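The file work-v8.csv comes next; it holds CSV, C-alpha atoms.
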chain,number,residue,atom,x,y,z
H,254,MET,CA,-20.1,11.0,6.8
H,255,SER,CA,-22.7,8.2,6.0
H,256,GLU,CA,-25.5,10.7,6.8
H,257,ASN,CA,-24.5,12.6,3.6
H,258,ILE,CA,-25.2,9.7,1.2
H,259,ASN,CA,-28.9,9.0,1.7
H,260,ASN,CA,-31.4,9.4,-1.1
H,261,ASN,CA,-32.1,13.0,-0.1
H,262,SER,CA,-28.5,14.2,-0.4
H,263,ASN,CA,-28.3,17.7,-1.9
H,264,PRO,CA,-25.8,18.5,-4.7
H,265,ILE,CA,-23.6,20.5,-2.3
H,266,ASP,CA,-23.3,17.5,0.1
H,267,SER,CA,-22.6,15.2,-2.8
H,268,LYS,CA,-19.8,17.4,-4.2
H,269,SER,CA,-18.1,17.9,-0.9
H,270,LEU,CA,-18.4,14.2,-0.1
H,271,ILE,CA,-16.9,13.2,-3.4
H,272,LYS,CA,-13.9,15.5,-2.9
H,273,GLU,CA,-13.5,14.1,0.7
H,274,LYS,CA,-13.5,10.5,-0.5
H,275,TYR,CA,-11.7,10.6,-3.7
H,276,LEU,CA,-9.2,13.5,-3.6
H,277,VAL,CA,-6.0,13.4,-1.6
H,278,LYS,CA,-4.4,16.8,-1.4
H,279,GLY,CA,-0.8,17.4,-0.4
H,280,GLU,CA,0.8,20.5,1.2
H,281,GLN,CA,2.1,23.2,-1.1
H,282,ASP,CA,5.9,23.1,-1.5
H,283,LYS,CA,7.0,26.5,-0.2
H,284,PHE,CA,10.0,26.6,-2.5
H,285,THR,CA,8.4,25.5,-5.8
H,286,LYS,CA,4.9,26.7,-4.9
H,287,THR,CA,3.6,23.4,-6.3
H,288,THR,CA,0.5,21.7,-4.9
H,289,GLU,CA,0.0,18.0,-5.5
H,290,TYR,CA,-3.3,16.1,-5.6
H,291,GLN,CA,-3.7,12.4,-6.1
H,292,THR,CA,-6.2,9.5,-6.1
H,293,SER,CA,-6.1,7.2,-3.1
H,294,TYR,CA,-3.9,4.2,-3.8
H,295,ILE,CA,-5.3,1.3,-5.7
H,296,SER,CA,-3.5,-1.9,-4.6
H,297,PHE,CA,-2.8,-5.1,-6.5
H,298,LYS,CA,-0.8,-8.3,-5.9
H,299,SER,CA,1.6,-10.0,-8.4
H,300,ASP,CA,2.6,-13.6,-8.2
H,301,LEU,CA,5.6,-12.9,-10.4
H,302,VAL,CA,7.0,-10.2,-8.0
H,303,ASP,CA,6.3,-12.5,-5.0
H,304,ASN,CA,8.1,-15.3,-6.7
H,305,TYR,CA,11.1,-13.0,-7.4
H,306,LEU,CA,11.4,-12.2,-3.7
H,307,LYS,CA,11.1,-15.8,-2.7
H,308,SER,CA,13.9,-16.7,-5.0
H,309,LEU,CA,16.2,-14.3,-3.0
H,310,SER,CA,15.2,-15.6,0.4
H,311,LYS,CA,16.9,-18.4,2.3
H,312,PHE,CA,13.5,-19.4,3.6
H,313,GLY,CA,11.7,-19.2,0.3
H,314,ILE,CA,9.4,-16.4,1.6
H,315,GLY,CA,8.6,-12.9,0.5
H,316,ALA,CA,5.7,-10.8,-0.7
H,317,ALA,CA,5.0,-7.4,-2.4
H,318,ILE,CA,2.1,-5.0,-2.8
H,319,ILE,CA,1.8,-2.9,-6.0
H,320,LYS,CA,0.2,0.5,-5.5
H,321,PHE,CA,-1.1,2.7,-8.3
H,322,THR,CA,-2.2,6.3,-8.1
H,323,ILE,CA,-2.7,9.3,-10.5
H,324,LEU,CA,-1.1,12.6,-9.5
H,325,TYR,CA,-2.0,16.1,-10.5
H,326,ARG,CA,0.6,18.8,-9.8
H,327,GLN,CA,-0.4,22.4,-10.0
H,328,LYS,CA,2.2,25.2,-10.2
H,329,GLY,CA,0.9,28.5,-11.4
H,330,ASN,CA,-0.5,28.1,-14.9
H,331,ALA,CA,1.4,24.8,-15.4
H,332,ASN,CA,-0.5,21.6,-14.7
H,333,ILE,CA,1.1,18.2,-14.8
H,334,LEU,CA,-0.6,14.8,-14.8
H,335,LEU,CA,1.4,11.7,-13.7
H,336,VAL,CA,1.0,8.1,-12.9
H,337,GLU,CA,2.9,6.7,-9.9
H,338,VAL,CA,3.5,3.0,-9.3
H,339,LYS,CA,5.0,1.8,-6.1
H,340,ILE,CA,6.0,-1.7,-5.2
H,341,THR,CA,6.5,-2.4,-1.5
H,342,TYR,CA,8.7,-5.4,-1.0
H,343,LEU,CA,8.4,-7.2,2.3
H,344,PRO,CA,11.5,-9.4,2.9
H,345,ILE,CA,12.3,-10.4,6.4
H,346,PRO,CA,15.1,-8.0,7.7
H,347,VAL,CA,17.1,-10.9,9.2
H,348,ASP,CA,16.7,-13.0,6.1
H,349,MET,CA,17.9,-10.7,3.3
H,350,VAL,CA,18.8,-7.2,2.3
H,351,ILE,CA,17.9,-6.6,-1.3
H,352,SER,CA,19.3,-4.1,-3.8
H,353,ASN,CA,17.2,-2.2,-6.2
H,354,PRO,CA,15.3,-4.9,-8.1
H,355,ARG,CA,14.5,-2.5,-10.9
H,356,ILE,CA,11.2,-4.3,-11.7
H,357,ILE,CA,9.6,-0.9,-12.6
H,358,LYS,CA,12.6,0.6,-14.3
H,359,ASN,CA,11.6,1.4,-17.9
H,360,LEU,CA,8.0,1.0,-16.7
H,361,GLU,CA,5.3,0.8,-19.4
H,362,ILE,CA,1.5,0.6,-18.6
H,363,ILE,CA,-0.9,-0.4,-21.3
H,364,PHE,CA,-4.5,0.4,-20.4
H,365,LEU,CA,-7.2,-1.5,-22.3
H,366,VAL,CA,-10.1,1.0,-22.2
H,367,ASP,CA,-13.3,-0.6,-23.3
H,368,GLY,CA,-11.1,-2.7,-25.6
H,369,LEU,CA,-8.9,0.1,-26.9
H,370,PRO,CA,-5.2,0.3,-25.9
H,371,ILE,CA,-3.7,3.4,-24.3
H,372,THR,CA,0.0,3.3,-23.6
H,373,CYS,CA,2.0,5.3,-20.9
H,374,ASN,CA,5.8,4.8,-21.1
H,375,LYS,CA,7.4,8.3,-20.6
H,376,GLN,CA,9.2,7.6,-17.3
H,377,THR,CA,10.2,10.7,-15.3
H,378,ASP,CA,11.5,9.2,-12.1
H,379,HIS,CA,12.6,5.9,-10.5
H,380,ASN,CA,13.6,5.5,-6.8
H,381,PHE,CA,14.3,2.8,-4.3
H,382,GLY,CA,14.6,3.0,-0.5
H,383,VAL,CA,13.6,1.6,2.9
H,384,GLY,CA,9.9,1.0,3.4
H,385,SER,CA,7.6,2.8,5.8
H,386,ILE,CA,6.6,0.1,8.3
H,387,ALA,CA,9.0,0.6,11.2
H,388,GLY,CA,11.8,0.5,8.6
H,389,ILE,CA,10.8,-3.0,7.4
H,390,GLY,CA,10.8,-3.8,3.7
H,391,TYR,CA,11.6,-1.6,0.7
H,392,ASP,CA,9.8,0.6,-1.7
H,393,GLU,CA,10.5,0.9,-5.4
H,394,THR,CA,8.7,3.8,-7.1
H,395,ALA,CA,8.3,4.9,-10.7
H,396,ILE,CA,6.5,7.9,-12.2
H,397,LEU,CA,5.1,8.2,-15.8
H,398,GLU,CA,3.7,11.1,-17.7
H,399,LEU,CA,-0.1,11.0,-18.3
H,400,GLU,CA,-1.8,13.2,-21.0
H,401,MET,CA,-5.1,14.8,-20.3
H,402,ASP,CA,-6.8,13.0,-23.2
H,403,GLN,CA,-5.6,9.7,-21.7
H,404,LEU,CA,-7.1,10.6,-18.3
H,405,ILE,CA,-10.4,11.6,-20.0
H,406,ALA,CA,-10.5,8.2,-21.8
H,407,LEU,CA,-9.9,6.4,-18.5
H,408,VAL,CA,-12.6,8.3,-16.6
H,409,ASN,CA,-15.2,7.7,-19.4
H,410,ALA,CA,-14.5,4.0,-19.5
H,411,LYS,CA,-17.0,1.4,-18.5
H,412,GLU,CA,-14.3,-1.2,-18.2
H,413,ILE,CA,-10.5,-1.0,-17.8
H,414,GLU,CA,-7.8,-3.6,-17.9
H,415,PHE,CA,-4.1,-2.9,-17.7
H,416,ARG,CA,-0.7,-4.6,-18.2
H,417,MET,CA,2.5,-3.3,-16.4
H,418,SER,CA,5.9,-4.2,-17.8
H,419,GLY,CA,9.4,-3.1,-16.7
H,420,SER,CA,13.1,-4.0,-17.1
H,421,LYS,CA,12.3,-7.6,-16.1
H,422,GLY,CA,9.3,-7.9,-18.4
H,423,LYS,CA,5.6,-8.1,-17.7
H,424,PHE,CA,4.8,-8.4,-14.0
H,425,ILE,CA,1.1,-7.8,-13.7
H,426,GLU,CA,-2.1,-7.9,-15.8
H,427,GLU,CA,-5.3,-7.0,-14.0
H,428,LYS,CA,-8.9,-5.8,-14.5
H,429,VAL,CA,-10.0,-2.7,-12.5
H,430,ASP,CA,-13.2,-3.3,-10.6
H,431,ASP,CA,-15.9,-0.7,-10.1
H,432,LEU,CA,-14.8,0.5,-6.7
H,433,GLN,CA,-11.2,1.0,-8.1
H,434,LEU,CA,-12.6,2.7,-11.2
H,435,ALA,CA,-14.6,5.1,-8.9
H,436,ARG,CA,-11.4,6.4,-7.4
H,437,ILE,CA,-10.2,7.5,-10.9
H,438,LYS,CA,-13.6,9.0,-11.8
H,439,GLY,CA,-13.9,10.7,-8.4
H,440,PHE,CA,-10.5,12.2,-8.8
H,441,TYR,CA,-11.5,13.7,-12.1
H,442,ASN,CA,-14.8,14.9,-10.7
H,443,ALA,CA,-13.2,16.6,-7.7
H,444,LEU,CA,-10.6,18.4,-9.8
H,445,PHE,CA,-12.1,19.1,-13.2
H,446,ASP,CA,-15.9,18.6,-13.4
H,447,GLU,CA,-18.0,18.4,-10.2
H,448,ASN,CA,-21.0,17.3,-12.1
H,449,PHE,CA,-19.3,14.2,-13.6
H,450,GLU,CA,-21.0,10.9,-12.9
H,451,VAL,CA,-22.2,12.0,-9.4
H,452,ASP,CA,-24.8,9.2,-9.1
H,453,PHE,CA,-22.2,6.5,-9.9
H,454,LEU,CA,-19.7,8.0,-7.4
H,455,ILE,CA,-22.2,8.3,-4.6
H,456,GLN,CA,-23.3,4.7,-5.1
H,457,ALA,CA,-19.7,3.7,-5.1
H,458,ILE,CA,-19.1,5.4,-1.8
H,459,LYS,CA,-22.1,3.5,-0.3
H,460,ASP,CA,-20.8,0.2,-1.7
H,461,GLN,CA,-17.3,1.0,-0.4
H,462,GLU,CA,-18.6,1.8,3.1
H,463,THR,CA,-20.6,-1.5,3.1
H,464,LYS,CA,-17.4,-3.4,2.0
H,465,ASP,CA,-15.3,-1.6,4.6
H,466,LYS,CA,-17.7,-2.6,7.4
H,467,ASN,CA,-17.8,-6.2,6.2
H,468,ASP,CA,-14.0,-6.3,5.9
H,469,GLU,CA,-13.6,-4.7,9.3
H,470,ALA,CA,-15.9,-7.3,10.9
H,471,GLU,CA,-13.9,-10.1,9.2
H,472,ARG,CA,-10.6,-8.6,10.3
H,473,GLU,CA,-11.8,-8.3,13.9
H,474,ALA,CA,-13.0,-11.9,13.9
H,475,LYS,CA,-9.6,-13.1,12.5
H,476,LYS,CA,-7.7,-10.8,14.9
H,477,ALA,CA,-9.6,-12.2,17.9
H,478,GLN,CA,-8.9,-15.7,16.7
H,479,LYS,CA,-5.3,-14.9,16.0
H,480,GLN,CA,-4.9,-13.3,19.4
H,481,LYS,CA,-6.4,-16.4,21.0
H,482,GLU,CA,-4.1,-18.7,19.1
H,483,THR,CA,-0.9,-16.7,19.2
H,484,SER,CA,-1.2,-14.2,22.0
H,485,SER,CA,2.4,-14.9,23.1
H,486,ASN,CA,4.0,-15.5,19.8
H,487,CYS,CA,6.4,-12.6,19.8
H,488,PHE,CA,9.1,-15.3,19.6
H,489,ILE,CA,12.3,-13.3,19.0
H,490,VAL,CA,11.3,-10.5,21.4
H,491,THR,CA,10.3,-12.9,24.1
H,492,ALA,CA,13.5,-14.9,23.7
H,493,THR,CA,15.6,-11.8,23.9
H,494,MET,CA,13.9,-10.2,26.9
H,495,GLY,CA,13.5,-13.5,28.7
H,496,ASP,CA,10.0,-12.8,30.0
H,497,ILE,CA,6.7,-13.2,28.1
H,498,SER,CA,5.2,-10.3,30.2
H,499,HIS,CA,8.2,-7.9,29.8
H,500,PRO,CA,7.0,-4.4,28.9
H,501,VAL,CA,9.0,-4.5,25.7
H,502,VAL,CA,7.3,-7.7,24.7
H,503,ASN,CA,3.9,-6.1,25.5
H,504,ASP,CA,4.8,-3.1,23.3
H,505,PHE,CA,5.6,-5.3,20.3
H,506,ARG,CA,2.5,-7.4,20.9
H,507,THR,CA,0.4,-4.2,21.0
H,508,PHE,CA,2.0,-2.9,17.8
H,509,ARG,CA,1.4,-6.3,16.1
H,510,ASP,CA,-2.3,-6.3,17.1
H,511,ASN,CA,-3.2,-2.7,16.6
H,512,LYS,CA,-1.0,-1.8,13.6
H,513,LEU,CA,0.5,-4.7,11.7
H,514,LEU,CA,-2.6,-7.0,11.7
H,515,THR,CA,-4.8,-4.1,10.4
H,516,THR,CA,-3.0,-3.8,7.1
H,517,LEU,CA,-2.4,-6.2,4.3
H,518,ILE,CA,1.4,-5.7,4.3
H,519,GLY,CA,1.6,-6.0,8.0
H,520,THR,CA,-0.4,-9.2,8.0
H,521,TYR,CA,2.0,-10.7,5.5
H,522,PHE,CA,4.9,-9.7,7.7
H,523,VAL,CA,3.3,-11.3,10.8
H,524,LYS,CA,2.7,-14.6,8.9
H,525,PHE,CA,6.4,-14.7,7.8
H,526,TYR,CA,7.5,-13.8,11.3
H,527,TYR,CA,5.6,-16.8,12.6
H,528,ILE,CA,7.4,-19.1,10.1
H,529,ILE,CA,11.0,-18.0,11.0
H,530,GLY,CA,10.5,-16.7,14.6
H,531,PRO,CA,10.7,-20.0,16.4
H,532,PHE,CA,13.9,-21.0,14.7
H,533,PHE,CA,15.7,-17.7,15.7
H,534,ALA,CA,14.2,-17.7,19.1
H,535,LYS,CA,15.6,-21.0,19.9
H,536,ILE,CA,19.1,-19.8,19.0
H,537,ILE,CA,18.8,-16.5,20.9
H,538,LYS,CA,17.4,-18.1,24.0
H,539,HIS,CA,20.5,-20.3,24.6
H,540,ASN,CA,23.2,-17.7,23.7
H,541,SER,CA,23.6,-14.6,25.9
H,542,LYS,CA,26.0,-12.9,23.4
H,543,ILE,CA,23.6,-13.3,20.5
H,544,ARG,CA,20.8,-12.2,22.8
H,545,SER,CA,22.7,-9.0,23.6
H,546,LEU,CA,23.4,-8.3,19.9
H,547,VAL,CA,19.8,-8.9,18.9
H,548,PHE,CA,18.6,-6.5,21.6
H,549,ASN,CA,21.0,-3.7,20.7
H,550,TYR,CA,20.8,-3.9,16.9
H,551,PHE,CA,17.3,-5.3,16.3
H,552,ILE,CA,14.9,-5.0,19.2
H,553,LEU,CA,16.0,-1.7,20.6
H,554,PRO,CA,15.9,0.3,17.2
H,555,ILE,CA,12.5,-1.1,16.2
H,556,HIS,CA,11.1,-0.6,19.7
H,557,LYS,CA,12.1,3.1,19.5
H,558,LYS,CA,10.3,3.5,16.2
H,559,ILE,CA,7.0,1.8,17.3
H,560,LYS,CA,6.9,3.9,20.4
H,561,HIS,CA,7.0,7.2,18.6

Representation of the structure as structure tokens:
Amino acid sequence: MSENINNNSNPIDSKSLIKEKYLVKGEQDKFTKTTEYQTSYISFKSDLVDNYLKSLSKFGIGAAIIKFTILYRQKGNANILLVEVKITYLPIPVDMVISNPRIIKNLEIIFLVDGLPITCNKQTDHNFGVGSIAGIGYDETAILELEMDQLIALVNAKEIEFRMSGSKGKFIEEKVDDLQLARIKGFYNALFDENFEVDFLIQAIKDQETKDKNDEAEREAKKAQKQKETSSNCFIVTATMGDISHPVVNDFRTFRDNKLLTTLIGTYFVKFYYIIGPFFAKIIKHNSKIRSLVFNYFILPIHKKIKH
């Protein structure tokens, strides 16, 4: 779509491009006749949450990604604005199974909008369950109500900072950068005012494309280096199958290179796997009973998921 964002872009091209880039539309629920729109996720890290996971782990490892999005639910004449916060926890499956940590239970978000505070703390939902990467990790999700005047204040802001707190206290305090702010402004433009800050949003799309290209080049360089250094490091799978070139080992290696190493969460998982993998591989390699158990209850179920 880069051809649409040159200096000669017409208004129609700009409006459709902004909707394409900044508005995520879900399918209409056939029972409730509700359609949901959302911003693309804005991701953050929290040392406090990472340290909490590490405290639960035998190996002192763990990581989490915090994702923030604004939701708009449309049902007939009823329109609802919400804020969704999701924490994806990435413990190693063989290391620990965690119960609901409730970090975002009783969630409160205070936005500092050009220096003025806006508070969101009316929680409508709180869930916890298995994560989405081949069943690895866990997701904790909380949803808050958002008023239209609060959204308008956010989209008109030149600078936004925020603090998130829950049942375990404050867990993140961050500043929203211009590319992240553009996701909120673009969401508002696409849904409520197609003339709102068009120039800013088109420039943000250009900047995001440049950033994406640079990030992709950096990822490819790191991926090539990682493949060169660790092309055979599917430790546990190799030890279980007994052959570095076994088709199952190749499938896991392909999943690692083409899926896990292309995402932030997946990259963290691979790093943790390289820490603990050699230890478990050594045990598995010299014990046929353990090797059989690992194959049936770990390798085989995950292999089925990554092949579909």

How close does each residue of stretch 399-421 of chain H get to stretch 451-475 of chain H, giving the shortest atom pair and distance in Å to one decimal for every residue with an atom at most 12 Å away, counting only C-alpha atoms, sorted by chain and residue number, as a tab-separated table?
residue	atom	partner	partner_atom	distance
H:Val408	CA	H:Leu454	CA	11.6
H:Asn409	CA	H:Phe453	CA	11.9
H:Lys411	CA	H:Phe453	CA	11.3

Interatomic distance (Å, one decimal) between atom CA of H:Ser418 and atom CA of H:Asn374: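 Computed distance, atom CA of H:Ser418 to atom CA of H:Asn374, equals 9.6 Å.
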
Report as a VMD selection string all protein, DNA and RNA residues lying within 8 Å of stretch 325-334 of chain H, evaluated on only C-alpha atoms, omitting residues in the same chain fewer than 6 positions from it. chain H and resid 285 to 291 398 to 401

So which one's closest to H:Gln433, H:Ile413, H:Val383, H:Leu514, H:Leu301? Using all atoms listed in the file, please. H:Ile413

I need the residue nearest H:Tyr521 from this list: H:Asp496, H:Lys272, H:Leu309, H:Ile318. Use all atoms listed in the file for the distance.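 Under the stated criterion, the closest residue is H:Ile318.
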
Interatomic distance between atom CA of H:Glu414 and atom CA of H:Tyr441?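 Distance between the two atoms: 18.6 Å.
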
Provide the atom CA of H:Ala534 to atom CA of H:Phe548 distance in Å, to one decimal place. 12.3 Å
